[in-house]
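The structure file query_31.txt is reproduced below (compact mmCIF, C-alpha atoms).
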# COMPACT_ATOMS: atom_id res chain seq x y z
CA THR A 45 -0.03 21.11 28.17
CA SER A 46 -0.90 19.24 31.36
CA SER A 47 -3.43 17.02 29.52
CA ALA A 48 -0.79 16.08 26.93
CA ALA A 49 1.67 15.28 29.74
CA MET A 50 -0.91 13.07 31.44
CA ASN A 51 -1.65 11.45 28.09
CA VAL A 52 2.02 10.56 27.59
CA ALA A 53 2.38 9.31 31.14
CA LYS A 54 -0.67 7.13 30.71
CA SER A 55 0.22 5.61 27.34
CA GLY A 56 4.03 5.84 27.31
CA TYR A 57 4.13 6.75 23.62
CA ARG A 58 3.04 9.51 21.26
CA VAL A 59 1.31 9.37 17.88
CA PHE A 60 1.97 12.04 15.26
CA SER A 61 0.64 12.65 11.77
CA ALA A 62 3.16 13.77 9.14
CA ASN A 63 0.52 14.97 6.66
CA SER A 64 0.08 18.67 5.85
CA SER A 65 -3.37 18.05 4.32
CA ALA A 66 -6.36 17.97 6.69
CA ALA A 67 -8.05 15.27 4.59
CA CYS A 68 -5.02 13.01 5.02
CA THR A 69 -5.03 13.24 8.84
CA GLU A 70 -8.47 11.63 9.11
CA LEU A 71 -7.07 8.10 9.43
CA ALA A 72 -4.61 9.28 12.10
CA LYS A 73 -7.50 10.75 14.10
CA GLN A 74 -9.48 7.51 13.84
CA ILE A 75 -6.47 5.50 15.05
CA THR A 76 -5.77 7.78 18.04
CA GLU A 77 -9.46 7.71 19.02
CA ARG A 78 -9.34 3.91 19.11
CA LEU A 79 -6.13 4.03 21.16
CA GLY A 80 -7.54 6.61 23.57
CA VAL A 81 -4.64 9.02 23.07
CA GLU A 82 -4.33 12.51 21.65
CA LEU A 83 -2.69 13.19 18.30
CA GLY A 84 0.74 14.73 18.84
CA LYS A 85 0.96 18.49 18.40
CA SER A 86 2.95 19.44 15.32
CA VAL A 87 2.71 21.69 12.29
CA VAL A 88 3.54 20.32 8.83
CA PHE A 89 3.31 22.73 5.92
CA GLN A 90 4.79 23.71 2.56
CA GLU A 91 6.73 26.94 2.18
CA SER A 92 5.91 29.24 -0.73
CA ASN A 93 8.80 27.63 -2.63
CA ARG A 94 7.30 24.15 -1.92
CA GLU A 95 9.91 23.20 0.68
CA THR A 96 8.54 21.07 3.53
CA ARG A 97 8.73 22.44 7.06
CA VAL A 98 7.91 20.55 10.27
CA ASP A 99 7.59 22.09 13.74
CA VAL A 100 7.10 19.71 16.67
CA LYS A 101 5.10 21.58 19.32
CA GLU A 102 5.76 19.36 22.37
CA SER A 103 8.58 17.49 24.04
CA VAL A 104 9.30 13.98 22.74
CA ARG A 105 12.56 13.38 24.61
CA GLY A 106 13.09 9.72 25.41
CA GLN A 107 9.70 8.66 24.04
CA THR A 108 8.58 6.07 21.50
CA ILE A 109 6.94 7.89 18.59
CA PHE A 110 4.56 6.48 15.97
CA ILE A 111 4.30 8.56 12.78
CA ILE A 112 1.15 7.91 10.74
CA GLN A 113 1.60 8.90 7.10
CA THR A 114 -1.11 8.35 4.52
CA ILE A 115 -0.11 8.90 0.93
CA PRO A 116 -2.25 11.37 -1.08
CA ARG A 117 -1.95 12.10 -4.79
CA ASP A 118 1.20 14.16 -4.23
CA VAL A 119 3.33 11.12 -3.37
CA ASN A 120 6.73 12.79 -3.32
CA THR A 121 5.61 15.58 -0.98
CA ALA A 122 4.21 12.96 1.41
CA ILE A 123 7.54 11.12 1.41
CA MET A 124 9.44 14.32 2.21
CA GLU A 125 6.96 15.13 4.99
CA LEU A 126 7.61 11.72 6.53
CA LEU A 127 11.40 12.03 6.24
CA VAL A 128 11.50 15.58 7.63
CA MET A 129 9.13 14.65 10.47
CA ALA A 130 11.31 11.64 11.39
CA TYR A 131 14.42 13.82 11.35
CA ALA A 132 12.74 16.53 13.45
CA LEU A 133 11.66 13.97 16.05
CA LYS A 134 15.08 12.34 16.14
CA THR A 135 16.84 15.69 16.61
CA SER A 136 14.36 16.31 19.44
CA CYS A 137 15.80 13.18 21.11
CA ALA A 138 12.93 10.76 20.53
CA LYS A 139 13.93 7.27 21.67
CA ASN A 140 12.33 5.20 18.88
CA ILE A 141 10.47 6.24 15.74
CA ILE A 142 8.05 3.77 14.15
CA GLY A 143 6.42 4.56 10.82
CA VAL A 144 2.78 3.64 10.20
CA ILE A 145 2.49 3.76 6.41
CA PRO A 146 -0.70 1.90 5.42
CA TYR A 147 0.01 2.28 1.69
CA PHE A 148 3.73 2.03 0.95
CA PRO A 149 4.48 4.21 -2.10
CA TYR A 150 6.62 3.10 -5.05
CA SER A 151 5.80 -0.52 -4.15
CA LYS A 152 5.14 -1.35 -7.81
CA GLN A 153 8.73 -0.37 -8.62
CA CYS A 154 10.16 -3.36 -6.76
CA LYS A 155 11.72 -5.16 -9.73
CA MET A 156 14.44 -4.22 -12.16
CA ARG A 157 13.02 -3.38 -15.59
CA LYS A 158 15.48 -2.75 -18.39
CA ARG A 159 17.77 0.09 -17.26
CA GLY A 160 15.43 1.36 -14.56
CA SER A 161 15.89 1.05 -10.82
CA ILE A 162 14.28 -0.58 -7.80
CA VAL A 163 12.85 2.56 -6.23
CA SER A 164 11.18 0.81 -3.30
CA LYS A 165 14.66 -0.29 -2.14
CA LEU A 166 15.84 3.34 -2.35
CA LEU A 167 12.87 4.47 -0.26
CA ALA A 168 13.54 1.75 2.32
CA SER A 169 17.14 3.00 2.65
CA MET A 170 15.99 6.61 3.00
CA LEU A 171 13.57 5.73 5.80
CA ALA A 172 16.26 3.77 7.65
CA LYS A 173 18.59 6.78 7.56
CA ALA A 174 16.13 9.62 8.23
CA GLY A 175 17.50 11.08 11.44
CA LYS A 176 20.81 9.25 11.38
CA CYS A 177 23.53 11.58 12.57
CA SER A 178 27.21 10.94 13.21
CA ASP A 179 27.66 13.98 15.46
CA PHE A 180 27.63 14.06 19.23
CA ILE A 181 25.62 16.47 21.34
CA GLY A 182 28.00 17.65 24.01
CA SER A 183 30.12 14.60 24.61
CA SER A 184 27.74 11.78 25.47
CA VAL A 185 24.58 11.62 23.34
CA PHE A 186 24.59 9.81 20.01
CA TYR A 187 21.71 9.86 17.55
CA PRO A 188 20.82 6.33 16.43
CA LYS A 189 19.36 5.55 13.04
CA GLY A 190 16.06 6.92 11.75
CA LEU A 191 12.97 4.72 11.66
CA THR A 192 13.36 1.46 13.57
CA HIS A 193 10.15 -0.29 12.55
CA ILE A 194 7.37 0.05 9.96
CA ILE A 195 3.73 -0.97 10.02
CA THR A 196 2.18 -1.22 6.56
CA MET A 197 -0.65 -3.05 4.83
CA ASP A 198 -0.75 -5.35 1.81
CA LEU A 199 2.58 -4.59 0.16
CA HIS A 200 2.45 -5.07 -3.60
CA GLN A 201 5.02 -7.83 -3.19
CA LYS A 202 5.80 -9.41 0.18
CA GLU A 203 9.47 -9.59 -0.78
CA ILE A 204 9.71 -5.79 -0.35
CA GLN A 205 10.11 -6.49 3.38
CA GLY A 206 13.60 -7.75 2.54
CA PHE A 207 14.64 -4.27 1.37
CA PHE A 208 14.52 -2.97 4.95
CA SER A 209 17.23 -3.24 7.59
CA PHE A 210 14.61 -3.21 10.38
CA PRO A 211 11.34 -5.10 11.10
CA VAL A 212 8.32 -4.59 8.84
CA ASP A 213 4.82 -5.70 9.82
CA ASN A 214 2.78 -6.25 6.65
CA LEU A 215 -0.83 -6.33 7.88
CA ARG A 216 -3.71 -7.76 5.87
CA ALA A 217 -6.89 -6.03 4.77
CA SER A 218 -8.49 -9.25 3.50
CA PRO A 219 -10.47 -10.02 6.71
CA PHE A 220 -12.23 -6.65 6.43
CA LEU A 221 -12.97 -7.05 2.73
CA ILE A 222 -14.12 -10.63 3.23
CA GLN A 223 -16.49 -9.48 5.98
CA TYR A 224 -17.86 -6.83 3.58
CA ILE A 225 -18.50 -9.53 0.97
CA GLN A 226 -20.33 -11.72 3.48
CA GLU A 227 -22.45 -8.93 4.96
CA GLU A 228 -23.03 -6.49 2.10
CA ILE A 229 -23.24 -8.61 -1.08
CA PRO A 230 -26.61 -10.39 -1.28
CA ASP A 231 -26.35 -14.03 -2.33
CA TYR A 232 -22.54 -13.90 -2.18
CA ARG A 233 -22.47 -17.70 -2.18
CA ASN A 234 -23.36 -17.49 -5.86
CA ALA A 235 -20.23 -15.43 -6.46
CA ILE A 236 -16.92 -16.35 -8.05
CA ILE A 237 -13.58 -14.73 -7.23
CA VAL A 238 -11.80 -13.38 -10.32
CA ALA A 239 -8.12 -12.56 -10.92
CA LYS A 240 -7.86 -9.98 -13.69
CA SER A 241 -4.46 -11.40 -14.68
CA PRO A 242 -2.43 -14.53 -13.91
CA ALA A 243 -0.20 -12.38 -11.67
CA ALA A 244 -3.16 -11.69 -9.36
CA ALA A 245 -4.21 -15.35 -9.18
CA LYS A 246 -2.45 -16.09 -5.88
CA ARG A 247 -4.26 -13.30 -4.04
CA ALA A 248 -7.58 -14.30 -5.65
CA GLN A 249 -7.02 -17.92 -4.61
CA SER A 250 -6.62 -16.84 -0.98
CA TYR A 251 -10.00 -15.05 -1.07
CA ALA A 252 -11.67 -17.98 -2.85
CA GLU A 253 -10.43 -20.49 -0.25
CA ARG A 254 -11.51 -18.35 2.71
CA LEU A 255 -14.98 -17.72 1.23
CA ARG A 256 -15.35 -21.31 -0.08
CA LEU A 257 -15.99 -19.96 -3.57
CA GLY A 258 -14.79 -20.83 -7.06
CA LEU A 259 -11.92 -19.10 -8.86
CA ALA A 260 -11.65 -17.65 -12.38
CA VAL A 261 -8.64 -16.10 -14.08
CA ILE A 262 -8.64 -13.69 -17.03
CA HIS A 263 -5.74 -14.43 -19.34
CA GLY A 264 -4.44 -12.48 -22.30
CA GLU A 265 -5.72 -9.03 -21.38
CA ALA A 266 -4.40 -6.13 -23.41
CA GLN A 267 -1.22 -4.73 -21.92
CA CYS A 268 1.42 -2.32 -23.05
CA SER A 269 4.02 -4.49 -24.72
CA GLU A 270 7.69 -3.78 -24.23
CA SER A 271 8.89 -1.57 -27.03
CA ASP A 272 11.80 -2.88 -29.02
CA MET A 273 14.12 0.02 -28.36
CA ALA A 274 17.44 0.32 -30.10
CA ASP A 275 19.34 -0.06 -26.84
CA GLY A 276 21.83 -2.73 -27.82
CA ARG A 277 19.80 -5.71 -26.58
CA HIS A 278 18.99 -6.90 -30.07
CA SER A 279 22.46 -6.38 -31.48
CA PRO A 280 23.71 -9.48 -33.35
CA PRO A 281 26.58 -11.65 -32.13
CA CYS A 282 30.07 -10.46 -32.96
CA VAL A 283 31.33 -11.25 -36.44
CA ARG A 284 34.52 -13.19 -37.09
CA ASN A 285 37.46 -10.93 -36.30
CA THR A 286 40.96 -10.80 -37.74
CA THR A 287 42.43 -13.20 -35.19
CA GLY A 288 40.09 -15.96 -36.26
CA HIS A 289 38.10 -16.11 -33.01
CA THR A 290 34.31 -15.96 -33.26
CA GLY A 291 31.97 -14.08 -30.96
CA LEU A 292 29.35 -15.76 -28.82
CA GLU A 293 26.46 -17.21 -30.80
CA LEU A 294 23.58 -17.03 -28.32
CA PRO A 295 20.21 -18.63 -29.05
CA LEU A 296 17.64 -16.11 -30.25
CA MET A 297 14.91 -15.15 -27.80
CA MET A 298 11.43 -15.89 -29.06
CA ALA A 299 9.21 -12.82 -29.14
CA LYS A 300 6.23 -12.81 -26.78
CA GLU A 301 2.85 -13.16 -28.40
CA LYS A 302 -0.18 -12.38 -26.27
CA PRO A 303 -2.97 -14.96 -26.59
CA PRO A 304 -6.55 -13.84 -27.25
CA ILE A 305 -8.48 -12.88 -24.13
CA THR A 306 -9.87 -15.93 -22.37
CA VAL A 307 -11.56 -16.49 -19.02
CA VAL A 308 -10.40 -19.64 -17.26
CA GLY A 309 -13.42 -20.62 -15.18
CA ASP A 310 -17.19 -20.38 -15.59
CA VAL A 311 -18.67 -16.99 -14.61
CA GLY A 312 -22.05 -17.46 -16.34
CA GLY A 313 -24.96 -16.52 -14.05
CA ARG A 314 -22.58 -15.60 -11.22
CA ILE A 315 -21.59 -12.53 -9.25
CA ALA A 316 -17.98 -11.76 -10.26
CA ILE A 317 -15.72 -10.33 -7.53
CA ILE A 318 -12.38 -9.06 -8.85
CA VAL A 319 -9.74 -8.80 -6.10
CA ASP A 320 -6.43 -6.94 -6.18
CA ASP A 321 -4.16 -4.96 -3.87
CA ILE A 322 -4.18 -1.61 -5.71
CA ILE A 323 -6.75 0.07 -7.93
CA ASP A 324 -5.23 3.12 -9.61
CA ASP A 325 -5.66 3.49 -13.37
CA VAL A 326 -8.90 1.59 -13.80
CA GLY A 327 -8.66 0.82 -17.54
CA ASP A 328 -7.77 -2.84 -17.03
CA PHE A 329 -10.52 -3.26 -14.40
CA VAL A 330 -13.11 -1.74 -16.75
CA ALA A 331 -11.94 -4.03 -19.58
CA ALA A 332 -12.11 -7.04 -17.26
CA ALA A 333 -15.66 -6.10 -16.22
CA GLU A 334 -16.78 -5.91 -19.85
CA ILE A 335 -15.31 -9.35 -20.57
CA LEU A 336 -17.03 -10.85 -17.53
CA LYS A 337 -20.36 -9.31 -18.57
CA GLU A 338 -19.95 -10.86 -22.02
CA ARG A 339 -19.29 -14.23 -20.38
CA GLY A 340 -22.55 -14.04 -18.42
CA ALA A 341 -21.68 -12.50 -15.03
CA TYR A 342 -24.68 -10.47 -13.84
CA LYS A 343 -22.92 -8.33 -11.21
CA ILE A 344 -19.33 -7.06 -11.01
CA TYR A 345 -17.64 -6.07 -7.75
CA ILE A 346 -14.04 -4.92 -7.29
CA MET A 347 -12.26 -5.39 -3.96
CA ALA A 348 -8.92 -3.65 -3.45
CA THR A 349 -6.92 -2.59 -0.41
CA HIS A 350 -5.52 0.69 -1.71
CA GLY A 351 -7.90 2.93 -3.65
CA LEU A 352 -5.58 5.39 -5.38
CA LEU A 353 -8.14 6.03 -8.13
CA SER A 354 -6.00 8.48 -10.08
CA ALA A 355 -6.90 10.71 -13.02
CA ASP A 356 -10.37 9.97 -14.51
CA ALA A 357 -10.89 6.78 -12.49
CA PRO A 358 -14.19 7.87 -10.83
CA ARG A 359 -15.77 8.85 -14.16
CA LEU A 360 -14.60 5.65 -15.88
CA ILE A 361 -15.99 3.52 -13.04
CA GLU A 362 -19.31 5.36 -13.12
CA GLU A 363 -19.67 4.77 -16.88
CA SER A 364 -18.51 1.13 -16.78
CA ALA A 365 -20.20 -2.22 -16.19
CA ILE A 366 -18.76 -2.28 -12.66
CA ASP A 367 -21.48 -2.28 -10.00
CA GLU A 368 -19.35 -1.44 -6.96
CA VAL A 369 -15.73 -0.70 -6.04
CA VAL A 370 -14.82 -1.45 -2.41
CA VAL A 371 -11.55 -0.10 -1.01
CA THR A 372 -10.13 0.53 2.45
CA ASN A 373 -9.23 3.92 3.93
CA THR A 374 -5.46 3.40 3.69
CA VAL A 375 -5.46 6.17 1.05
CA PRO A 376 -7.76 9.23 1.27
CA HIS A 377 -10.35 9.15 -1.52
CA GLU A 378 -13.25 11.31 -0.34
CA VAL A 379 -13.13 13.47 -3.48
CA GLN A 380 -13.39 10.39 -5.71
CA LYS A 381 -16.39 9.13 -3.69
CA LEU A 382 -18.22 12.40 -4.31
CA GLN A 383 -17.62 11.93 -8.05
CA CYS A 384 -18.66 8.28 -8.11
CA PRO A 385 -21.26 6.79 -5.70
CA LYS A 386 -20.18 3.27 -6.73
CA ILE A 387 -17.04 3.65 -4.54
CA LYS A 388 -17.48 2.25 -1.01
CA THR A 389 -15.04 2.38 1.91
CA VAL A 390 -14.09 -0.18 4.56
CA ASP A 391 -12.41 1.13 7.72
CA VAL A 392 -9.14 -0.57 8.75
CA SER A 393 -8.14 1.82 11.55
CA MET A 394 -8.90 -0.89 14.13
CA ILE A 395 -6.12 -3.24 13.05
CA LEU A 396 -3.61 -0.38 12.70
CA ALA A 397 -4.45 0.84 16.21
CA GLU A 398 -4.12 -2.68 17.60
CA ALA A 399 -0.74 -3.08 15.85
CA ILE A 400 0.50 0.13 17.51
CA ARG A 401 -0.71 -1.02 20.92
CA ARG A 402 0.88 -4.46 20.58
CA ILE A 403 4.23 -3.13 19.37
CA HIS A 404 4.42 -0.63 22.22
CA ASN A 405 3.51 -3.28 24.81
CA GLY A 406 5.90 -5.84 23.34
CA GLU A 407 3.08 -8.27 22.54
CA SER A 408 3.09 -10.78 19.72
CA MET A 409 1.88 -9.57 16.32
CA ALA A 410 1.06 -13.10 15.17
CA TYR A 411 -2.46 -12.77 16.55
CA LEU A 412 -3.26 -10.08 13.98
CA PHE A 413 -2.37 -12.48 11.17
CA ARG A 414 -4.02 -15.56 12.63
CA ASN A 415 -7.09 -14.79 14.73
CA ILE A 416 -8.15 -11.28 13.75
CA THR A 417 -11.74 -10.36 14.55
CA VAL A 418 -13.18 -7.49 12.60
CA ASP A 419 -15.76 -6.47 15.19
CA ASP A 420 -15.01 -3.33 17.23

Take the structure in this file and express it as structure tokens.
Amino acid sequence: TSSAAMNVAKSGYRVFSANSSAACTELAKQITERLGVELGKSVVFQESNRETRVDVKESVRGQTIFIIQTIPRDVNTAIMELLVMAYALKTSCAKNIIGVIPYFPYSKQCKMRKRGSIVSKLLASMLAKAGKCSDFIGSSVFYPKGLTHIITMDLHQKEIQGFFSFPVDNLRASPFLIQYIQEEIPDYRNAIIVAKSPAAAKRAQSYAERLRLGLAVIHGEAQCSESDMADGRHSPPCVRNTTGHTGLELPLMMAKEKPPITVVGDVGGRIAIIVDDIIDDVGDFVAAAEILKERGAYKIYIMATHGLLSADAPRLIEESAIDEVVVTNTVPHEVQKLQCPKIKTVDVSMILAEAIRRIHNGESMAYLFRNITVDD
């Protein structure tokens, strides 16, 4: 259309959504409204046999394309939608394809556990190669690699950026959540920031320092212990063989023993604010809230960037000692909010829109990490 052509000429880039679900395109609409551009025209849908099909409805030749992909409950379908969309745009001769993936899926599978695999590395490789083609069109045009850049938010581990062969901008949601604490929690200066496990202490410390508040850490919470499987790990050293040589006699590994649950820090008479990057299965958050109530905390808030809130999470939150769960809109959770009024949302579309604008204009991204202002 002529308006779309004017829109491209004015901005110099296009923004597409790779989601087939209408609920998942809401963030993309908010971002394009802030940028003052139209959402690219495309159709993403599932065939009757659950295959993903993408039809791009406008020319993208020679343009820089931003694909916004939010991750709903059906994670694997969303990944395929993103990959197929990237491939469709690349075969339509898009110049550059930049992925805007606010919540990066499989980010918890970033370490080797027993005989598992590092799935986030696999996903990084797939995104780098989506659209890569070794064939020539005619005799002169060569398709470069797939995605060339990714914008994401609060990766589960910052080291995941090293899995990619192209730049990754890992934006922060903490300024938005900190502003919510300051403006929406009465008497927040009587609060204490809580890490529900020692692993979350570093993130909690960052919040505590920015808010000038104290820090508490819950240690020894109930976790699923590693099962002692008969997989050869506990096999004894080799016995003396016929040649007279002995096998290696390695020192025995001491078994882990979880200490009783303790709270390091005084939460008595305080507002407890538990901070984390992901809230999915809420069992450990509910258990932490009960412990904090026992220790004298009179209000319990949970702050998390990505509100996955799977399974019975809304019901468990509603029935728990938790007073409020605050998450950003990196993941769609409107259904969960209808089930549990304790869930509140903070909008982060502003920083994602600004990241897109800066990348397209070749401006520094450091400002978004150093001097971000949350006001519109």

Taking 3 positions as the minimum chain separation for residues in the same chain, which residues sit within 10 Å of A:Tyr131 when counting only C-alpha atoms? Answer as an NGL selection string. :A and (98 or 125-128 or 134-138 or 141 or 171 or 173-177 or 189-191)

I'd like the interatomic distance between atom CA of A:Ile323 and atom CA of A:Ile387, to a tenth of an Å. 11.4 Å

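Between atom CA of A:Ile204 and atom CA of A:Leu167 there is a distance of 10.7 Å.
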
For atom CA of A:Glu253 and atom CA of A:Ile222, determine how far apart the two atoms are, in Å to one decimal place. 11.1 Å

Surrounding residues of stretch 298-311 of chain A excluding itself and chain neighbours under 2 positions, 9 Å, all atoms listed in the file, as a ChimeraX atom specification: /A:235-236,238,258-267,269,296,313-316,335-337,339-342

For A:Met394, find every residue with an atom within 12 Å (counting all atoms listed in the file), except residues of its own chain fewer than 5 positions away, and show them as a PDB file with C-alpha atoms, in the frame of the given file.
ATOM      1  CA  LEU A  71      -7.070   8.100   9.430  1.00  0.00           C
ATOM      2  CA  ALA A  72      -4.610   9.280  12.100  1.00  0.00           C
ATOM      3  CA  LYS A  73      -7.500  10.750  14.100  1.00  0.00           C
ATOM      4  CA  GLN A  74      -9.480   7.510  13.840  1.00  0.00           C
ATOM      5  CA  ILE A  75      -6.470   5.500  15.050  1.00  0.00           C
ATOM      6  CA  THR A  76      -5.770   7.780  18.040  1.00  0.00           C
ATOM      7  CA  GLU A  77      -9.460   7.710  19.020  1.00  0.00           C
ATOM      8  CA  ARG A  78      -9.340   3.910  19.110  1.00  0.00           C
ATOM      9  CA  LEU A  79      -6.130   4.030  21.160  1.00  0.00           C
ATOM     10  CA  LEU A 215      -0.830  -6.330   7.880  1.00  0.00           C
ATOM     11  CA  ARG A 216      -3.710  -7.760   5.870  1.00  0.00           C
ATOM     12  CA  ALA A 217      -6.890  -6.030   4.770  1.00  0.00           C
ATOM     13  CA  PRO A 219     -10.470 -10.020   6.710  1.00  0.00           C
ATOM     14  CA  PHE A 220     -12.230  -6.650   6.430  1.00  0.00           C
ATOM     15  CA  THR A 372     -10.130   0.530   2.450  1.00  0.00           C
ATOM     16  CA  ASN A 373      -9.230   3.920   3.930  1.00  0.00           C
ATOM     17  CA  THR A 374      -5.460   3.400   3.690  1.00  0.00           C
ATOM     18  CA  ALA A 399      -0.740  -3.080  15.850  1.00  0.00           C
ATOM     19  CA  ILE A 400       0.500   0.130  17.510  1.00  0.00           C
ATOM     20  CA  ARG A 401      -0.710  -1.020  20.920  1.00  0.00           C
ATOM     21  CA  LEU A 412      -3.260 -10.080  13.980  1.00  0.00           C
ATOM     22  CA  ILE A 416      -8.150 -11.280  13.750  1.00  0.00           C
ATOM     23  CA  THR A 417     -11.740 -10.360  14.550  1.00  0.00           C
ATOM     24  CA  VAL A 418     -13.180  -7.490  12.600  1.00  0.00           C
ATOM     25  CA  ASP A 419     -15.760  -6.470  15.190  1.00  0.00           C
ATOM     26  CA  ASP A 420     -15.010  -3.330  17.230  1.00  0.00           C
TER      27      ASP A 420
END

Tell me, as a PyMOL selection string, which residues lie within 12 Å of A:Phe329, counting only C-alpha atoms; anything in the same chain fewer than 2 positions away does not count. chain A and resi 238-241+262+265-266+317-320+322-327+331-336+344-348+353+357+360-361+364-369

Store the residues picked out above in a file with C-alpha atoms, as an mmCIF file, keeping the file's coordinate frame.
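That gives us out_20.cif:
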data_model
loop_
_atom_site.group_PDB
_atom_site.id
_atom_site.type_symbol
_atom_site.label_atom_id
_atom_site.label_comp_id
_atom_site.auth_asym_id
_atom_site.auth_seq_id
_atom_site.Cartn_x
_atom_site.Cartn_y
_atom_site.Cartn_z
ATOM 1 C CA VAL A 238 -11.800 -13.380 -10.320
ATOM 2 C CA ALA A 239 -8.120 -12.560 -10.920
ATOM 3 C CA LYS A 240 -7.860 -9.980 -13.690
ATOM 4 C CA SER A 241 -4.460 -11.400 -14.680
ATOM 5 C CA ILE A 262 -8.640 -13.690 -17.030
ATOM 6 C CA GLU A 265 -5.720 -9.030 -21.380
ATOM 7 C CA ALA A 266 -4.400 -6.130 -23.410
ATOM 8 C CA ILE A 317 -15.720 -10.330 -7.530
ATOM 9 C CA ILE A 318 -12.380 -9.060 -8.850
ATOM 10 C CA VAL A 319 -9.740 -8.800 -6.100
ATOM 11 C CA ASP A 320 -6.430 -6.940 -6.180
ATOM 12 C CA ILE A 322 -4.180 -1.610 -5.710
ATOM 13 C CA ILE A 323 -6.750 0.070 -7.930
ATOM 14 C CA ASP A 324 -5.230 3.120 -9.610
ATOM 15 C CA ASP A 325 -5.660 3.490 -13.370
ATOM 16 C CA VAL A 326 -8.900 1.590 -13.800
ATOM 17 C CA GLY A 327 -8.660 0.820 -17.540
ATOM 18 C CA ALA A 331 -11.940 -4.030 -19.580
ATOM 19 C CA ALA A 332 -12.110 -7.040 -17.260
ATOM 20 C CA ALA A 333 -15.660 -6.100 -16.220
ATOM 21 C CA GLU A 334 -16.780 -5.910 -19.850
ATOM 22 C CA ILE A 335 -15.310 -9.350 -20.570
ATOM 23 C CA LEU A 336 -17.030 -10.850 -17.530
ATOM 24 C CA ILE A 344 -19.330 -7.060 -11.010
ATOM 25 C CA TYR A 345 -17.640 -6.070 -7.750
ATOM 26 C CA ILE A 346 -14.040 -4.920 -7.290
ATOM 27 C CA MET A 347 -12.260 -5.390 -3.960
ATOM 28 C CA ALA A 348 -8.920 -3.650 -3.450
ATOM 29 C CA LEU A 353 -8.140 6.030 -8.130
ATOM 30 C CA ALA A 357 -10.890 6.780 -12.490
ATOM 31 C CA LEU A 360 -14.600 5.650 -15.880
ATOM 32 C CA ILE A 361 -15.990 3.520 -13.040
ATOM 33 C CA SER A 364 -18.510 1.130 -16.780
ATOM 34 C CA ALA A 365 -20.200 -2.220 -16.190
ATOM 35 C CA ILE A 366 -18.760 -2.280 -12.660
ATOM 36 C CA ASP A 367 -21.480 -2.280 -10.000
ATOM 37 C CA GLU A 368 -19.350 -1.440 -6.960
ATOM 38 C CA VAL A 369 -15.730 -0.700 -6.040
#

Would you place a box with edges along x, y and z of the file around all atoms of stretch 349-367 of chain A listed there, add 4 Å to each of its six sides, and report the centre and edge lengths in Å to one decimal, as AutoDock Vina command-line options?
--center_x -13.5 --center_y 4.1 --center_z -8.6 --size_x 24.0 --size_y 21.3 --size_z 24.5

Kindly indicate which residue among A:Gln249, A:Thr69, A:Ser218, A:Ser64 lies nearest to A:Val371, using all atoms listed in the file for the distances.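 Among A:Gln249, A:Thr69, A:Ser218, A:Ser64, it is A:Ser218 that comes nearest to A:Val371.
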